[in-house]
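J.: target_9.txt is the file, holding compact mmCIF, C-alpha atoms (C1' of nucleotides):
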# COMPACT_ATOMS: atom_id res chain seq x y z
CA MET A 1 16.62 -7.20 -14.49
CA LYS A 2 15.18 -7.45 -11.02
CA LEU A 3 12.00 -5.40 -10.47
CA ALA A 4 10.33 -4.97 -7.09
CA THR A 5 7.24 -3.26 -5.73
CA TRP A 6 6.72 -2.37 -2.08
CA ASN A 7 4.10 -0.40 -0.21
CA VAL A 8 6.29 1.06 2.54
CA ASN A 9 3.49 2.78 4.53
CA SER A 10 5.48 6.01 5.11
CA LEU A 11 8.95 6.34 3.65
CA ASN A 12 9.95 8.59 6.57
CA VAL A 13 9.40 5.74 9.00
CA ARG A 14 10.63 3.00 6.66
CA LEU A 15 13.77 4.60 5.18
CA PRO A 16 16.26 2.65 7.34
CA ARG A 17 14.46 -0.58 6.47
CA LEU A 18 14.35 0.32 2.78
CA LEU A 19 18.09 1.05 2.71
CA ASP A 20 18.88 -2.25 4.42
CA TRP A 21 16.59 -4.05 2.01
CA LEU A 22 18.16 -2.41 -1.07
CA ALA A 23 21.61 -3.48 0.11
CA ALA A 24 20.48 -7.05 0.79
CA SER A 25 18.25 -7.56 -2.26
CA ALA A 26 20.00 -5.44 -4.91
CA PRO A 27 16.97 -4.79 -7.11
CA ASP A 28 17.42 -2.83 -10.35
CA VAL A 29 14.07 -1.03 -10.20
CA VAL A 30 11.85 -0.46 -7.16
CA CYS A 31 8.28 0.82 -7.25
CA LEU A 32 7.22 2.35 -3.94
CA GLN A 33 3.74 3.22 -2.70
CA GLU A 34 2.42 5.18 0.27
CA THR A 35 5.55 7.26 0.59
CA LYS A 36 3.39 9.98 2.23
CA LEU A 37 6.01 12.60 1.36
CA GLU A 38 6.02 15.76 -0.70
CA ASP A 39 8.64 15.59 -3.45
CA LEU A 40 10.81 18.26 -1.82
CA ARG A 41 11.07 16.10 1.27
CA PHE A 42 11.90 12.89 -0.60
CA PRO A 43 15.13 11.37 0.81
CA ARG A 44 16.97 11.57 -2.51
CA ASP A 45 20.43 11.92 -0.97
CA GLU A 46 20.16 8.82 1.19
CA ILE A 47 18.80 6.84 -1.75
CA ALA A 48 21.53 8.22 -4.04
CA ALA A 49 24.13 7.09 -1.49
CA ALA A 50 22.64 3.61 -1.75
CA GLY A 51 23.18 3.69 -5.53
CA TYR A 52 19.71 4.62 -6.83
CA ARG A 53 18.12 7.58 -8.57
CA ALA A 54 14.67 8.46 -7.27
CA HIS A 55 11.70 9.69 -9.27
CA ALA A 56 8.90 10.72 -6.92
CA HIS A 57 5.28 11.84 -7.16
CA GLY A 58 4.04 12.43 -3.65
CA GLN A 59 1.99 14.39 -1.18
CA LYS A 60 1.96 14.60 2.58
CA THR A 61 -0.03 12.25 4.83
CA TYR A 62 -1.56 10.02 2.15
CA ASN A 63 -0.63 8.19 -1.06
CA GLY A 64 2.59 9.03 -2.86
CA VAL A 65 4.53 6.83 -5.31
CA ALA A 66 8.11 6.64 -6.52
CA ILE A 67 10.39 4.67 -8.82
CA LEU A 68 13.99 3.98 -7.79
CA VAL A 69 16.43 3.10 -10.55
CA ARG A 70 19.81 1.57 -9.94
CA ASP A 71 22.73 3.74 -11.10
CA GLY A 72 23.89 2.87 -14.59
CA LEU A 73 20.50 1.82 -15.94
CA VAL A 74 19.03 3.96 -18.68
CA CYS A 75 15.81 5.61 -17.51
CA ASP A 76 13.67 8.08 -19.42
CA ASP A 77 10.15 9.31 -20.15
CA VAL A 78 9.12 9.74 -16.53
CA ALA A 79 5.41 10.60 -16.36
CA THR A 80 2.98 11.10 -13.49
CA GLY A 81 -0.76 10.67 -13.06
CA ILE A 82 -3.32 9.40 -15.55
CA PRO A 83 -3.85 11.81 -18.47
CA GLY A 84 -7.49 12.84 -18.73
CA PHE A 85 -8.33 11.65 -15.22
CA ALA A 86 -8.28 14.59 -12.84
CA ASP A 87 -7.06 13.25 -9.50
CA GLU A 88 -5.85 15.16 -6.47
CA GLN A 89 -4.32 11.96 -5.14
CA LYS A 90 -0.79 11.06 -6.19
CA ARG A 91 -1.06 7.42 -7.24
CA VAL A 92 0.78 6.83 -10.52
CA ILE A 93 4.32 7.31 -11.80
CA ALA A 94 5.84 5.64 -14.85
CA ALA A 95 9.29 5.43 -16.40
CA THR A 96 11.03 3.47 -19.12
CA VAL A 97 13.96 1.55 -17.69
CA GLY A 98 16.22 -0.53 -19.90
CA GLY A 99 13.49 -0.50 -22.54
CA VAL A 100 10.75 -1.71 -20.19
CA ARG A 101 7.85 0.63 -19.47
CA VAL A 102 7.36 0.45 -15.70
CA VAL A 103 4.02 1.75 -14.39
CA CYS A 104 3.99 2.10 -10.61
CA ALA A 105 0.52 2.43 -9.08
CA TYR A 106 -1.18 2.77 -5.74
CA VAL A 107 -4.76 1.78 -6.47
CA PRO A 108 -7.35 3.29 -4.08
CA ASN A 109 -8.33 1.15 -1.12
CA GLY A 110 -12.07 1.64 -1.46
CA GLN A 111 -12.81 1.47 2.29
CA SER A 112 -16.10 -0.46 1.95
CA VAL A 113 -18.31 -1.43 -0.96
CA ASP A 114 -21.07 1.03 0.02
CA SER A 115 -18.77 4.06 0.26
CA ASP A 116 -17.93 6.98 -2.00
CA LYS A 117 -14.32 5.80 -1.80
CA TYR A 118 -15.36 2.51 -3.41
CA ARG A 119 -17.06 4.33 -6.29
CA TYR A 120 -13.89 6.40 -6.70
CA LYS A 121 -11.85 3.19 -6.73
CA LEU A 122 -13.94 1.67 -9.54
CA ALA A 123 -13.75 4.90 -11.59
CA TRP A 124 -10.00 5.02 -10.97
CA CYS A 125 -9.58 1.41 -12.13
CA GLU A 126 -11.53 2.16 -15.30
CA ALA A 127 -9.28 5.14 -16.03
CA ALA A 128 -6.25 2.94 -15.38
CA THR A 129 -7.54 0.45 -17.96
CA GLY A 130 -7.54 3.14 -20.65
CA TYR A 131 -4.12 4.35 -19.52
CA LEU A 132 -2.66 0.84 -19.74
CA ARG A 133 -4.26 0.18 -23.12
CA ASP A 134 -2.53 3.27 -24.50
CA ALA A 135 0.76 2.43 -22.80
CA LEU A 136 0.72 -1.12 -24.18
CA ALA A 137 0.15 0.26 -27.69
CA GLY A 138 3.46 2.10 -27.39
CA HIS A 139 5.54 -0.43 -25.44
CA ARG A 140 5.90 -4.14 -26.14
CA GLU A 141 7.52 -4.69 -22.77
CA LEU A 142 5.50 -3.23 -19.90
CA ALA A 143 5.17 -3.96 -16.19
CA PHE A 144 2.22 -2.71 -14.16
CA ALA A 145 3.48 -2.95 -10.60
CA GLY A 146 2.15 -1.76 -7.30
CA ASP A 147 -0.31 -2.02 -4.49
CA LEU A 148 -3.28 -2.83 -6.70
CA ASN A 149 -5.54 -3.29 -3.66
CA ILE A 150 -7.39 -6.23 -5.23
CA ALA A 151 -7.08 -9.90 -4.26
CA PRO A 152 -7.86 -11.39 -7.68
CA GLN A 153 -8.78 -14.95 -6.67
CA PRO A 154 -10.04 -16.82 -3.59
CA ALA A 155 -6.56 -18.40 -3.39
CA ASP A 156 -5.21 -14.91 -2.71
CA VAL A 157 -7.25 -14.63 0.50
CA HIS A 158 -6.54 -16.37 3.83
CA ASP A 159 -10.26 -16.87 4.49
CA PRO A 160 -12.22 -16.50 1.25
CA ALA A 161 -15.61 -16.98 2.92
CA LEU A 162 -14.90 -14.20 5.42
CA TRP A 163 -13.85 -11.79 2.66
CA GLU A 164 -16.50 -12.79 0.10
CA GLY A 165 -17.98 -9.61 -1.39
CA GLN A 166 -15.91 -7.35 0.87
CA VAL A 167 -13.75 -4.53 -0.39
CA LEU A 168 -10.53 -5.83 -2.08
CA CYS A 169 -12.40 -9.02 -3.03
CA SER A 170 -15.71 -7.84 -4.50
CA GLY A 171 -16.96 -8.82 -7.93
CA PRO A 172 -16.58 -5.38 -9.55
CA GLU A 173 -13.00 -5.05 -8.28
CA ARG A 174 -12.08 -8.51 -9.53
CA ALA A 175 -13.74 -7.69 -12.86
CA ALA A 176 -11.52 -4.60 -13.11
CA PHE A 177 -8.46 -6.75 -12.47
CA GLU A 178 -9.64 -9.19 -15.18
CA ARG A 179 -9.97 -6.29 -17.63
CA TRP A 180 -6.30 -5.46 -17.02
CA LEU A 181 -5.42 -9.05 -17.82
CA ALA A 182 -7.62 -8.90 -20.92
CA LEU A 183 -5.45 -6.06 -22.24
CA GLY A 184 -2.67 -8.63 -22.60
CA LEU A 185 -1.16 -8.52 -19.13
CA LYS A 186 -0.22 -11.55 -17.05
CA ASP A 187 -0.03 -11.89 -13.28
CA SER A 188 3.69 -12.70 -13.04
CA PHE A 189 3.20 -14.44 -9.69
CA ARG A 190 0.90 -16.98 -11.33
CA LEU A 191 3.33 -17.75 -14.14
CA PHE A 192 5.10 -20.02 -11.64
CA GLU A 193 4.22 -22.72 -9.18
CA GLN A 194 3.85 -21.04 -5.79
CA PRO A 195 3.57 -22.17 -2.19
CA PRO A 196 -0.08 -22.15 -1.09
CA ARG A 197 -1.23 -19.29 1.10
CA THR A 198 1.35 -16.79 -0.09
CA PHE A 199 0.24 -13.23 0.64
CA SER A 200 1.66 -9.70 0.41
CA TRP A 201 -0.29 -7.86 3.11
CA TRP A 202 -1.20 -8.69 6.71
CA ASP A 203 -3.19 -6.52 9.12
CA TYR A 204 -1.14 -5.10 11.98
CA ARG A 205 -3.86 -6.32 14.36
CA GLN A 206 -4.92 -9.72 15.67
CA LEU A 207 -1.51 -11.35 15.20
CA ALA A 208 -2.44 -11.56 11.54
CA PHE A 209 1.14 -11.95 10.33
CA PRO A 210 2.22 -14.84 12.58
CA LYS A 211 -1.10 -16.54 11.81
CA ASN A 212 -0.58 -15.78 8.09
CA HIS A 213 -3.99 -14.14 7.87
CA GLY A 214 -3.12 -12.15 4.75
CA LEU A 215 -4.16 -11.12 1.28
CA ARG A 216 -2.24 -10.98 -1.98
CA ILE A 217 -2.99 -7.46 -3.18
CA ASP A 218 0.44 -6.29 -4.39
CA HIS A 219 1.19 -7.39 -7.92
CA ILE A 220 3.51 -7.22 -10.91
CA LEU A 221 1.50 -7.63 -14.11
CA VAL A 222 3.57 -8.03 -17.27
CA SER A 223 2.88 -7.73 -20.99
CA ASP A 224 3.11 -10.92 -23.05
CA ALA A 225 6.48 -9.90 -24.50
CA LEU A 226 7.89 -9.25 -21.03
CA ALA A 227 6.33 -12.45 -19.67
CA THR A 228 8.50 -14.49 -22.02
CA ARG A 229 11.56 -13.07 -20.21
CA CYS A 230 10.14 -13.51 -16.71
CA ALA A 231 12.21 -16.03 -14.72
CA SER A 232 10.57 -15.74 -11.30
CA CYS A 233 8.14 -13.86 -9.11
CA THR A 234 8.35 -14.10 -5.33
CA ILE A 235 7.08 -12.30 -2.24
CA ASP A 236 9.72 -11.39 0.34
CA ARG A 237 7.84 -12.40 3.49
CA ALA A 238 10.96 -11.89 5.63
CA ALA A 239 10.71 -8.13 5.01
CA ARG A 240 7.44 -8.12 7.02
CA LYS A 241 9.23 -9.40 10.16
CA GLY A 242 10.91 -7.57 13.01
CA GLU A 243 10.56 -4.09 14.48
CA LYS A 244 8.46 -1.48 12.71
CA PRO A 245 7.63 -3.36 9.52
CA SER A 246 5.38 -2.08 6.78
CA ASP A 247 2.14 -4.06 6.70
CA HIS A 248 3.05 -5.02 3.10
CA ALA A 249 5.89 -7.24 1.87
CA PRO A 250 7.82 -6.59 -1.36
CA VAL A 251 6.98 -8.48 -4.54
CA ILE A 252 10.01 -9.21 -6.75
CA ALA A 253 10.13 -10.31 -10.40
CA GLN A 254 13.27 -11.30 -12.29
CA PHE A 255 13.68 -11.02 -16.05
CA ARG A 256 16.24 -12.78 -18.22
CA GLY A 257 18.58 -11.16 -20.67
CA ARG A 258 19.12 -7.76 -22.18
CA ASP A 259 21.30 -6.16 -19.47
CA ALA A 260 24.53 -6.85 -17.68
CA THR A 261 23.03 -6.48 -14.20
CA ALA A 262 20.48 -9.27 -14.62
CA GLY A 263 20.80 -12.01 -12.03
CA ALA A 264 20.78 -15.73 -12.58
C1' DA B 1 -20.16 -8.94 21.41
C1' DT B 2 -16.18 -6.30 20.35
C1' DG B 3 -11.72 -4.48 19.20
C1' DG B 4 -7.49 -5.42 18.67
C1' DC B 5 -2.29 -1.76 14.94
C1' DA B 6 0.19 1.99 12.84
C1' DA B 7 1.03 6.67 10.74
C1' DT B 8 -0.29 11.35 10.24
C1' DG B 9 -1.70 16.08 11.27
C1' DT B 10 -6.02 18.52 12.44
C1' DT B 11 -2.11 15.93 17.81
C1' DT B 12 -3.55 14.19 23.21
C1' DC B 13 -8.18 12.46 19.19
C1' DA B 14 -9.98 11.72 14.37
C1' DT B 15 -9.05 9.78 10.11
C1' DT B 16 -7.38 6.35 7.06
C1' DG B 17 -5.68 2.14 5.73
C1' DA B 18 -7.17 -2.93 4.02
Transcribe the structure of this file into structure tokens.

T.:
Amino acid sequence: MKLATWNVNSLNVRLPRLLDWLAASAPDVVCLQETKLEDLRFPRDEIAAAGYRAHAHGQKTYNGVAILVRDGLVCDDVATGIPGFADEQKRVIAATVGGVRVVCAYVPNGQSVDSDKYRYKLAWCEAATGYLRDALAGHRELAFAGDLNIAPQPADVHDPALWEGQVLCSGPERAAFERWLALGLKDSFRLFEQPPRTFSWWDYRQLAFPKNHGLRIDHILVSDALATRCASCTIDRAARKGEKPSDHAPVIAQFRGRDATAGA
DNA sequence: ATGGCAATGTTTCATTGA
């Protein structure tokens, strides 16, 4: 099974790119963030024509998440939001695909460490911890995938000194990320040797992408049972190139066994 | 010393992102 996560920064704008990317990459499951679309406006027909069923949880202008599932894969128990955490913002959708619980999340940005948005981010992360603890109790194989908006280590930052203590890199955010790992999740990217300075997001400004001034803030965390089947985790930097890219690149994890569509 | 890009709706600027 090939699982991807991609913050598309407006699905309206990025649909042609997404369709090209689906055809070229042939993922089985795709978690999308920042669709910025109400569910009634979700481009289900175009995505169906590409061979995927879409499950969406969106709103206009901001946020919005979705899970795309390749035709033929068994998908059930779609759920949205975090039970017990009242949230106007559409940031979580989950589904069980081929026996794997896939939790797709768009973690709040936080804006700056002295803002109300930062306090909301930390509260949101705490609620997510409880949500994941419960989900892991019911599913041996779970993937927590999305724009988690946290660079967990200095190695995930192009200039660690510049970002020290800033939003996305602050101690409380990194502690929240560590609590997710402490639940029994692994950062699939770090299960493998990786090229240094591999990132998933680059600012649109300052020629950040050509200079590789990025952060690794998009992640696929996997339960221990799923980690044993994980064969690779890569970031598709090429998808950030060209005209009208998203500022994020897709992260892709491959898992061995258990279904006929699994790649090498 | 500073902003620099992109998307959206409240649209011809303000807000947000990260």

J.: Which residue is closest to DG17 (chain B)? Choose from A:Glu88, A:Tyr204, A:Leu148, A:Val97 and count only C-alpha atoms (C1' of nucleotides).

T.: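 Result for the nearest residue to DG17 (chain B): A:Tyr204.
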
J.: At a cut-off of 9 Å, using all atoms listed in the file, what residues contact DT8 (chain B)? Leave out same-chain residues fewer than 6 positions from it and give the result as a list in words.

T.: Lys36, Lys60, Thr61 and Tyr62 of chain A; DT15 of chain B

J.: With a cut-off of 12 Å and counting all atoms listed in the file, select all residues of chain B in contact with chain A and give the selection as a PDB file with C-alpha atoms (C1' of nucleotides), in the frame of the given file.

T.:
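Everything below was put into out14.pdb:
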ATOM      1  C1'  DG B   3     -11.720  -4.480  19.200  1.00  0.00           C
ATOM      2  C1'  DG B   4      -7.490  -5.420  18.670  1.00  0.00           C
ATOM      3  C1'  DC B   5      -2.290  -1.760  14.940  1.00  0.00           C
ATOM      4  C1'  DA B   6       0.190   1.990  12.840  1.00  0.00           C
ATOM      5  C1'  DA B   7       1.030   6.670  10.740  1.00  0.00           C
ATOM      6  C1'  DT B   8      -0.290  11.350  10.240  1.00  0.00           C
ATOM      7  C1'  DG B   9      -1.700  16.080  11.270  1.00  0.00           C
ATOM      8  C1'  DT B  10      -6.020  18.520  12.440  1.00  0.00           C
ATOM      9  C1'  DT B  15      -9.050   9.780  10.110  1.00  0.00           C
ATOM     10  C1'  DT B  16      -7.380   6.350   7.060  1.00  0.00           C
ATOM     11  C1'  DG B  17      -5.680   2.140   5.730  1.00  0.00           C
ATOM     12  C1'  DA B  18      -7.170  -2.930   4.020  1.00  0.00           C
TER      13       DA B  18
END

J.: Considering only C-alpha atoms, can you say which of A:Gly146, A:Ala66, A:Cys31, A:Phe209 comes closest to Lys241 (chain A)?

T.: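 Closest to Lys241 (chain A) of all the choices is A:Phe209.
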
J.: Can you list, as a ChimeraX atom specification, every protein, DNA or RNA residue that comes within 7 Å of Ser188 (chain A) when you count all atoms listed in the file, leaving out same-chain residues fewer than 2 positions away?

T.: /A:186,190-191,220-222,233

J.: Identify the residues around (12.4, 4.7, 5.0) within a radius of 12 Å, measuring from all atoms listed in the file in the coordinates stated by the file, and give them as an MDAnalysis selection string.

T.: chainID A and resid 6:22 32:37 42:44 46:47 244:246

J.: What's around Val74 (chain A) at 9 Å? Count all atoms listed in the file, leave out sequence neighbours fewer than 3 positions away in its own chain, and write the answer as number ranges by chain.

T.: A: 69, 71, 96-99

J.: Could you write out the selected residues, including C-alpha atoms, as a PDB file, keeping the file's coordinate frame?

T.:
ATOM      1  CA  VAL A  69      16.430   3.100 -10.550  1.00  0.00           C
ATOM      2  CA  ASP A  71      22.730   3.740 -11.100  1.00  0.00           C
ATOM      3  CA  THR A  96      11.030   3.470 -19.120  1.00  0.00           C
ATOM      4  CA  VAL A  97      13.960   1.550 -17.690  1.00  0.00           C
ATOM      5  CA  GLY A  98      16.220  -0.530 -19.900  1.00  0.00           C
ATOM      6  CA  GLY A  99      13.490  -0.500 -22.540  1.00  0.00           C
TER       7      GLY A  99
END
